[in-house]
2 protein chains.
Amino acid sequence: MTALDATTKAPADIIDLGPALSLRGTRMHFERNEEIFGEGEPAEYLYRVVSGAVRVMRFSTDGRRQILSFHLPGEVFGIELADKHSLTAEALDSTEVVMVRRSLLEKAAAEDARAARCWLEHASHTLDNARDHALILGRKGAGERVAAFLLGISKRLGQELDLPMSRADIADYLGLTIETVSRAFTEMERQHAIGLPSSRHVVMRNRSTLAMAAA
Amino acid sequence: MTALDATTKAPADIIDLGPALSLRGTRMHFERNEEIFGEGEPAEYLYRVVSGAVRVMRFSTDGRRQILSFHLPGEVFGIELADKHSLTAEALDSTEVVMVRRSLLEKAAAEDARAARCWLEHASHTLDNARDHALILGRKGAGERVAAFLLGISKRLGQELDLPMSRADIADYLGLTIETVSRAFTEMERQHAIGLPSSRHVVMRNRSTLAMAAA
DNA sequence: CGCTACTTTGACGCTCCTCAAGTAGCGTGG
DNA sequence: CCACGCTACTTGAGGAGCGTCAAAGTAGCG
């Protein structure tokens, strides 16, 4: 079931972590930049994006922000094992989510080994993404980072897409500054790898050029 | 049960992921720089370090290396859900490990919800470490990265320790070069934050200076 | 004792950050 | 409907930090 299917076909108030793990929850709305959960708060719920988009991030002690992931319609976030959140999640835009009490997930996992496995599978994918992210942050240049970001987002949103996040969000995701991200976008447009009819609207023109640039 | 306890008290050929999950395995020895498992290979085993140390890493397509974690005596690594490893693990030094067939773990998790939870807890800690790592790689300067590394390793090896890894390994863990890591070490010694009687032997002299530097 | 691998140190250059100015898009109110 | 102000984005100039290249120093090992 792809992200797209989830928005269109899945029942609106269900979080579906796999064949053996569907949980009923309640819908909730968040405004642009509104906090969904914050570091240190009790982790009472897990979430699925219905519409809109979400950023998940961690802060250093002196306030610098690292965005760890973006979540688009159909995607699940906020599943933690610990009682308290170690991350902060905010709506990128006016966003609709389904929230399910964590106790329901705990109960399902305790009663059904297949459900526990679905949970584990989700954690495993999250971990794999985090590892790719570390490779990007540790070993790639600015152009490569932005190319990797664009390839990742267009895999989820298609060849032509509206970015739900600002340049500042992209910068904090890629470990760069706003200006560097902006220059990379401009340069890719100049090379006809992408089209930029407006700053948030991206057309993937030459995927292989980008794949090359992402190394 | 701490890492130190595990080397001294735990039965040598047991991998212990928590109160409900102890698995018997077999010992195996690896030489310095020997591969324990490689990307793409079937993930048949999980591992615990008995003595020595291990680096776990991922490569970019053009061969650049990002070290994701180091594993010291008592620590578990190589637990994957996927059938194939997406990472490579190598011995940093002459290293003794216990290996347990993954099928045993799968069986334990399928039969006992508490065992599955232990597995999930391990994944959760791994993920939390990966997130801290992303913050370091994305948003910290060279000095801060090295300080964070030293604090992390001394938390596991004590105030006075022998680094099992080279400057090149530290550089590939922190997203820096050998030279930059070396310069940061020298600078910290100059500030009496650490002592460096030899290049691999570190004495933590002023933890709070380092904690400050790690920001 | 001499080789080899690792580490340190220095000089220089490139990438990306900083600071600053200017532009574009958009909602609000006149 | 346009003026205005706000925020986001772009562009440029200059500088800092880290990478690159080169060489010398050090330690382990046959």
# chains A, B, ... in the order shown; residues from 1 in each chain; ligands from 1
>>> interface_residues(of="chain A", to="chain D", cutoff="12 Å", atoms="only C-alpha atoms (C1' of nucleotides)", output="PDB file with C-alpha atoms, in the first residue's frame")
ATOM      1  CA  GLY A 141      28.665  17.845  -0.487  1.00  0.00           C
ATOM      2  CA  MET A 165       8.521  22.553   3.345  1.00  0.00           C
ATOM      3  CA  SER A 166      10.484  25.793   3.197  1.00  0.00           C
ATOM      4  CA  ARG A 167      14.128  26.225   2.207  1.00  0.00           C
ATOM      5  CA  ALA A 168      14.877  26.579   5.923  1.00  0.00           C
ATOM      6  CA  ASP A 169      13.348  23.146   6.591  1.00  0.00           C
ATOM      7  CA  ILE A 178      19.047  28.354   3.466  1.00  0.00           C
ATOM      8  CA  GLU A 179      21.338  30.160   1.035  1.00  0.00           C
ATOM      9  CA  THR A 180      23.283  27.060   0.071  1.00  0.00           C
ATOM     10  CA  VAL A 181      20.073  25.121  -0.554  1.00  0.00           C
ATOM     11  CA  SER A 182      18.712  27.965  -2.662  1.00  0.00           C
ATOM     12  CA  ARG A 183      21.901  28.128  -4.739  1.00  0.00           C
ATOM     13  CA  ALA A 184      21.799  24.376  -5.293  1.00  0.00           C
ATOM     14  CA  PHE A 185      18.208  24.606  -6.539  1.00  0.00           C
ATOM     15  CA  THR A 186      19.120  27.425  -8.898  1.00  0.00           C
ATOM     16  CA  GLU A 187      22.120  25.526 -10.211  1.00  0.00           C
ATOM     17  CA  SER A 198       7.837  28.713  -8.554  1.00  0.00           C
ATOM     18  CA  SER A 199      10.054  28.259  -5.541  1.00  0.00           C
ATOM     19  CA  ARG A 200       7.957  25.450  -4.060  1.00  0.00           C
TER      20      ARG A 200
END
>>> interface_residues(of="chain C", to="chain A", cutoff="9 Å", atoms="only C-alpha atoms (C1' of nucleotides)", output="VMD selection string")
chain C and resid 15 to 17
>>> interface_residues(of="chain B", to="chain A", cutoff="9 Å", atoms="only C-alpha atoms", output="ChimeraX atom specification")
/B:58-62,64-68,80-82,86,109-114,116-117,119-121,123-124,126-128,130-140,172-176,215
>>> decode(residues="chain D", atoms="N, CA, C and O atoms (P, O5', C5', C4', C3', O3' and C1' of nucleotides)", output="mmCIF file, in the first residue's frame")
data_model
loop_
_atom_site.group_PDB
_atom_site.id
_atom_site.type_symbol
_atom_site.label_atom_id
_atom_site.label_comp_id
_atom_site.auth_asym_id
_atom_site.auth_seq_id
_atom_site.Cartn_x
_atom_site.Cartn_y
_atom_site.Cartn_z
ATOM 1 P P DC D 1 -10.122 44.016 -10.249
ATOM 2 O "O5'" DC D 1 -9.880 45.280 -9.302
ATOM 3 C "C5'" DC D 1 -10.047 46.556 -9.863
ATOM 4 C "C4'" DC D 1 -8.987 47.461 -9.279
ATOM 5 C "C3'" DC D 1 -7.566 46.917 -9.422
ATOM 6 O "O3'" DC D 1 -6.688 47.969 -9.822
ATOM 7 C "C1'" DC D 1 -8.070 47.288 -7.132
ATOM 8 P P DC D 2 -5.144 47.613 -10.290
ATOM 9 O "O5'" DC D 2 -4.328 48.413 -9.189
ATOM 10 C "C5'" DC D 2 -4.722 49.756 -8.869
ATOM 11 C "C4'" DC D 2 -4.201 50.119 -7.501
ATOM 12 C "C3'" DC D 2 -2.693 49.906 -7.301
ATOM 13 O "O3'" DC D 2 -2.164 51.040 -6.642
ATOM 14 C "C1'" DC D 2 -3.888 48.819 -5.595
ATOM 15 P P DA D 3 -0.621 51.299 -6.526
ATOM 16 O "O5'" DA D 3 -0.431 51.426 -4.959
ATOM 17 C "C5'" DA D 3 -1.268 52.321 -4.222
ATOM 18 C "C4'" DA D 3 -1.068 52.086 -2.742
ATOM 19 C "C3'" DA D 3 0.388 51.995 -2.300
ATOM 20 O "O3'" DA D 3 0.537 52.675 -1.065
ATOM 21 C "C1'" DA D 3 -0.741 49.984 -1.748
ATOM 22 P P DC D 4 1.952 52.883 -0.392
ATOM 23 O "O5'" DC D 4 1.993 51.729 0.689
ATOM 24 C "C5'" DC D 4 0.932 51.613 1.658
ATOM 25 C "C4'" DC D 4 1.082 50.299 2.384
ATOM 26 C "C3'" DC D 4 2.515 49.997 2.843
ATOM 27 O "O3'" DC D 4 2.590 50.124 4.255
ATOM 28 C "C1'" DC D 4 1.405 48.067 1.910
ATOM 29 P P DG D 5 3.954 50.038 5.040
ATOM 30 O "O5'" DG D 5 3.922 48.528 5.536
ATOM 31 C "C5'" DG D 5 2.752 48.019 6.173
ATOM 32 C "C4'" DG D 5 2.894 46.520 6.330
ATOM 33 C "C3'" DG D 5 4.268 46.079 6.842
ATOM 34 O "O3'" DG D 5 4.075 45.033 7.774
ATOM 35 C "C1'" DG D 5 3.793 44.981 4.819
ATOM 36 P P DC D 6 5.173 44.745 8.875
ATOM 37 O "O5'" DC D 6 5.256 43.166 8.745
ATOM 38 C "C5'" DC D 6 4.041 42.397 8.716
ATOM 39 C "C4'" DC D 6 4.269 41.143 7.911
ATOM 40 C "C3'" DC D 6 5.591 40.439 8.222
ATOM 41 O "O3'" DC D 6 5.333 39.222 8.900
ATOM 42 C "C1'" DC D 6 5.158 40.535 5.870
ATOM 43 P P DT D 7 6.532 38.443 9.619
ATOM 44 O "O5'" DT D 7 6.814 37.229 8.616
ATOM 45 C "C5'" DT D 7 5.722 36.550 8.006
ATOM 46 C "C4'" DT D 7 6.218 35.843 6.757
ATOM 47 C "C3'" DT D 7 7.541 35.096 6.942
ATOM 48 O "O3'" DT D 7 7.331 33.720 6.677
ATOM 49 C "C1'" DT D 7 7.548 36.387 4.956
ATOM 50 P P DA D 8 8.521 32.658 6.771
ATOM 51 O "O5'" DA D 8 8.912 32.426 5.246
ATOM 52 C "C5'" DA D 8 7.884 32.102 4.299
ATOM 53 C "C4'" DA D 8 8.484 32.126 2.913
ATOM 54 C "C3'" DA D 8 9.782 31.329 2.775
ATOM 55 O "O3'" DA D 8 9.650 30.448 1.674
ATOM 56 C "C1'" DA D 8 10.081 33.538 1.978
ATOM 57 P P DC D 9 10.787 29.408 1.311
ATOM 58 O "O5'" DC D 9 11.639 30.140 0.185
ATOM 59 C "C5'" DC D 9 10.971 30.634 -0.974
ATOM 60 C "C4'" DC D 9 11.912 31.520 -1.744
ATOM 61 C "C3'" DC D 9 13.282 30.918 -2.049
ATOM 62 O "O3'" DC D 9 13.352 30.658 -3.439
ATOM 63 C "C1'" DC D 9 13.405 33.220 -1.439
ATOM 64 P P DT D 10 14.682 30.106 -4.124
ATOM 65 O "O5'" DT D 10 15.470 31.450 -4.481
ATOM 66 C "C5'" DT D 10 14.896 32.367 -5.398
ATOM 67 C "C4'" DT D 10 15.847 33.541 -5.629
ATOM 68 C "C3'" DT D 10 17.245 33.168 -6.122
ATOM 69 O "O3'" DT D 10 17.470 33.901 -7.317
ATOM 70 C "C1'" DT D 10 17.376 34.679 -4.295
ATOM 71 P P DT D 11 18.615 33.518 -8.345
ATOM 72 O "O5'" DT D 11 19.778 34.517 -7.931
ATOM 73 C "C5'" DT D 11 19.517 35.924 -7.944
ATOM 74 C "C4'" DT D 11 20.614 36.651 -7.224
ATOM 75 C "C3'" DT D 11 22.043 36.193 -7.519
ATOM 76 O "O3'" DT D 11 22.697 37.230 -8.227
ATOM 77 C "C1'" DT D 11 21.712 36.672 -5.211
ATOM 78 P P DG D 12 24.150 37.061 -8.853
ATOM 79 O "O5'" DG D 12 25.045 37.800 -7.775
ATOM 80 C "C5'" DG D 12 24.708 39.134 -7.393
ATOM 81 C "C4'" DG D 12 25.601 39.583 -6.260
ATOM 82 C "C3'" DG D 12 27.071 39.140 -6.374
ATOM 83 O "O3'" DG D 12 27.894 40.289 -6.229
ATOM 84 C "C1'" DG D 12 26.211 38.644 -4.220
ATOM 85 P P DA D 13 29.422 40.259 -6.580
ATOM 86 O "O5'" DA D 13 30.057 40.550 -5.136
ATOM 87 C "C5'" DA D 13 29.505 41.599 -4.321
ATOM 88 C "C4'" DA D 13 30.208 41.573 -2.978
ATOM 89 C "C3'" DA D 13 31.697 41.239 -3.047
ATOM 90 O "O3'" DA D 13 32.371 42.014 -2.067
ATOM 91 C "C1'" DA D 13 30.592 39.633 -1.718
ATOM 92 P P DG D 14 33.954 42.024 -1.975
ATOM 93 O "O5'" DG D 14 34.215 41.249 -0.612
ATOM 94 C "C5'" DG D 14 33.580 41.694 0.600
ATOM 95 C "C4'" DG D 14 33.749 40.640 1.658
ATOM 96 C "C3'" DG D 14 35.179 40.127 1.824
ATOM 97 O "O3'" DG D 14 35.543 40.266 3.188
ATOM 98 C "C1'" DG D 14 33.649 38.318 1.637
ATOM 99 P P DG D 15 36.965 39.868 3.695
ATOM 100 O "O5'" DG D 15 36.587 38.649 4.660
ATOM 101 C "C5'" DG D 15 35.396 38.724 5.483
ATOM 102 C "C4'" DG D 15 35.214 37.397 6.188
ATOM 103 C "C3'" DG D 15 36.508 36.770 6.690
ATOM 104 O "O3'" DG D 15 36.252 36.157 7.943
ATOM 105 C "C1'" DG D 15 35.461 35.292 5.186
ATOM 106 P P DA D 16 37.443 35.762 8.869
ATOM 107 O "O5'" DA D 16 36.893 34.391 9.472
ATOM 108 C "C5'" DA D 16 35.495 34.228 9.674
ATOM 109 C "C4'" DA D 16 35.152 32.763 9.747
ATOM 110 C "C3'" DA D 16 36.171 31.903 10.483
ATOM 111 O "O3'" DA D 16 35.468 31.003 11.317
ATOM 112 C "C1'" DA D 16 35.930 31.131 8.243
ATOM 113 P P DG D 17 36.225 29.992 12.237
ATOM 114 O "O5'" DG D 17 35.987 28.621 11.439
ATOM 115 C "C5'" DG D 17 34.684 28.310 10.990
ATOM 116 C "C4'" DG D 17 34.749 27.028 10.179
ATOM 117 C "C3'" DG D 17 35.599 25.930 10.813
ATOM 118 O "O3'" DG D 17 34.916 24.703 10.624
ATOM 119 C "C1'" DG D 17 36.443 26.433 8.671
ATOM 120 P P DC D 18 35.284 23.433 11.518
ATOM 121 O "O5'" DC D 18 35.719 22.379 10.409
ATOM 122 C "C5'" DC D 18 34.846 22.156 9.311
ATOM 123 C "C4'" DC D 18 35.643 21.810 8.083
ATOM 124 C "C3'" DC D 18 36.579 20.608 8.232
ATOM 125 O "O3'" DC D 18 36.171 19.627 7.302
ATOM 126 C "C1'" DC D 18 37.645 22.415 7.108
ATOM 127 P P DG D 19 36.842 18.238 7.091
ATOM 128 O "O5'" DG D 19 37.503 18.421 5.642
ATOM 129 C "C5'" DG D 19 36.648 18.736 4.553
ATOM 130 C "C4'" DG D 19 37.451 18.871 3.265
ATOM 131 C "C3'" DG D 19 38.342 17.675 2.946
ATOM 132 O "O3'" DG D 19 38.316 17.434 1.535
ATOM 133 C "C1'" DG D 19 39.684 19.616 3.235
ATOM 134 P P DT D 20 39.140 16.244 0.893
ATOM 135 O "O5'" DT D 20 40.506 16.914 0.402
ATOM 136 C "C5'" DT D 20 40.453 17.981 -0.537
ATOM 137 C "C4'" DT D 20 41.872 18.397 -0.896
ATOM 138 C "C3'" DT D 20 42.834 17.237 -1.183
ATOM 139 O "O3'" DT D 20 43.454 17.493 -2.428
ATOM 140 C "C1'" DT D 20 43.781 18.741 0.412
ATOM 141 P P DC D 21 44.321 16.350 -3.143
ATOM 142 O "O5'" DC D 21 45.823 16.806 -2.807
ATOM 143 C "C5'" DC D 21 46.206 18.155 -3.088
ATOM 144 C "C4'" DC D 21 47.535 18.454 -2.438
ATOM 145 C "C3'" DC D 21 48.584 17.345 -2.560
ATOM 146 O "O3'" DC D 21 49.777 17.929 -3.064
ATOM 147 C "C1'" DC D 21 48.423 18.087 -0.328
ATOM 148 P P DA D 22 51.036 17.014 -3.530
ATOM 149 O "O5'" DA D 22 52.055 17.256 -2.318
ATOM 150 C "C5'" DA D 22 52.340 18.589 -1.922
ATOM 151 C "C4'" DA D 22 53.178 18.586 -0.664
ATOM 152 C "C3'" DA D 22 54.239 17.468 -0.589
ATOM 153 O "O3'" DA D 22 55.473 18.028 -0.182
ATOM 154 C "C1'" DA D 22 52.957 17.510 1.373
ATOM 155 P P DA D 23 56.847 17.212 -0.348
ATOM 156 O "O5'" DA D 23 57.350 17.180 1.162
ATOM 157 C "C5'" DA D 23 57.250 18.365 1.940
ATOM 158 C "C4'" DA D 23 57.389 18.014 3.402
ATOM 159 C "C3'" DA D 23 58.442 16.940 3.700
ATOM 160 O "O3'" DA D 23 59.161 17.323 4.846
ATOM 161 C "C1'" DA D 23 56.413 16.349 4.687
ATOM 162 P P DA D 24 60.647 16.783 5.108
ATOM 163 O "O5'" DA D 24 60.673 16.746 6.687
ATOM 164 C "C5'" DA D 24 59.898 17.717 7.405
ATOM 165 C "C4'" DA D 24 59.295 17.057 8.620
ATOM 166 C "C3'" DA D 24 60.241 16.074 9.314
ATOM 167 O "O3'" DA D 24 60.256 16.356 10.698
ATOM 168 C "C1'" DA D 24 58.139 15.083 8.962
ATOM 169 P P DG D 25 61.347 15.723 11.667
ATOM 170 O "O5'" DG D 25 60.427 14.949 12.715
ATOM 171 C "C5'" DG D 25 59.310 15.648 13.292
ATOM 172 C "C4'" DG D 25 58.367 14.637 13.912
ATOM 173 C "C3'" DG D 25 59.069 13.593 14.796
ATOM 174 O "O3'" DG D 25 58.335 13.492 16.007
ATOM 175 C "C1'" DG D 25 57.677 12.526 13.224
ATOM 176 P P DT D 26 58.974 12.693 17.253
ATOM 177 O "O5'" DT D 26 58.136 11.344 17.249
ATOM 178 C "C5'" DT D 26 56.716 11.405 17.325
ATOM 179 C "C4'" DT D 26 56.152 9.998 17.247
ATOM 180 C "C3'" DT D 26 56.926 8.950 18.051
ATOM 181 O "O3'" DT D 26 56.018 8.365 18.973
ATOM 182 C "C1'" DT D 26 56.414 8.165 15.880
ATOM 183 P P DA D 27 56.509 7.385 20.117
ATOM 184 O "O5'" DA D 27 55.803 6.027 19.669
ATOM 185 C "C5'" DA D 27 54.461 6.087 19.192
ATOM 186 C "C4'" DA D 27 54.103 4.767 18.535
ATOM 187 C "C3'" DA D 27 54.661 3.549 19.277
ATOM 188 O "O3'" DA D 27 53.655 2.548 19.315
ATOM 189 C "C1'" DA D 27 55.351 3.508 17.024
ATOM 190 P P DG D 28 53.720 1.350 20.311
ATOM 191 O "O5'" DG D 28 53.669 0.097 19.318
ATOM 192 C "C5'" DG D 28 52.531 -0.057 18.488
ATOM 193 C "C4'" DG D 28 52.892 -0.912 17.288
ATOM 194 C "C3'" DG D 28 53.402 -2.311 17.658
ATOM 195 O "O3'" DG D 28 52.701 -3.254 16.861
ATOM 196 C "C1'" DG D 28 54.905 -1.263 16.187
ATOM 197 P P DC D 29 52.740 -4.794 17.147
ATOM 198 O "O5'" DC D 29 53.787 -5.316 16.065
ATOM 199 C "C5'" DC D 29 53.574 -5.008 14.680
ATOM 200 C "C4'" DC D 29 54.674 -5.651 13.848
ATOM 201 C "C3'" DC D 29 55.255 -6.926 14.472
ATOM 202 O "O3'" DC D 29 55.458 -7.893 13.457
ATOM 203 C "C1'" DC D 29 56.974 -5.402 14.085
ATOM 204 P P DG D 30 55.576 -9.399 13.773
ATOM 205 O "O5'" DG D 30 56.638 -9.881 12.695
ATOM 206 C "C5'" DG D 30 56.369 -9.654 11.310
ATOM 207 C "C4'" DG D 30 57.645 -9.296 10.581
ATOM 208 C "C3'" DG D 30 58.674 -10.440 10.544
ATOM 209 O "O3'" DG D 30 59.151 -10.586 9.238
ATOM 210 C "C1'" DG D 30 59.660 -8.456 11.427
#
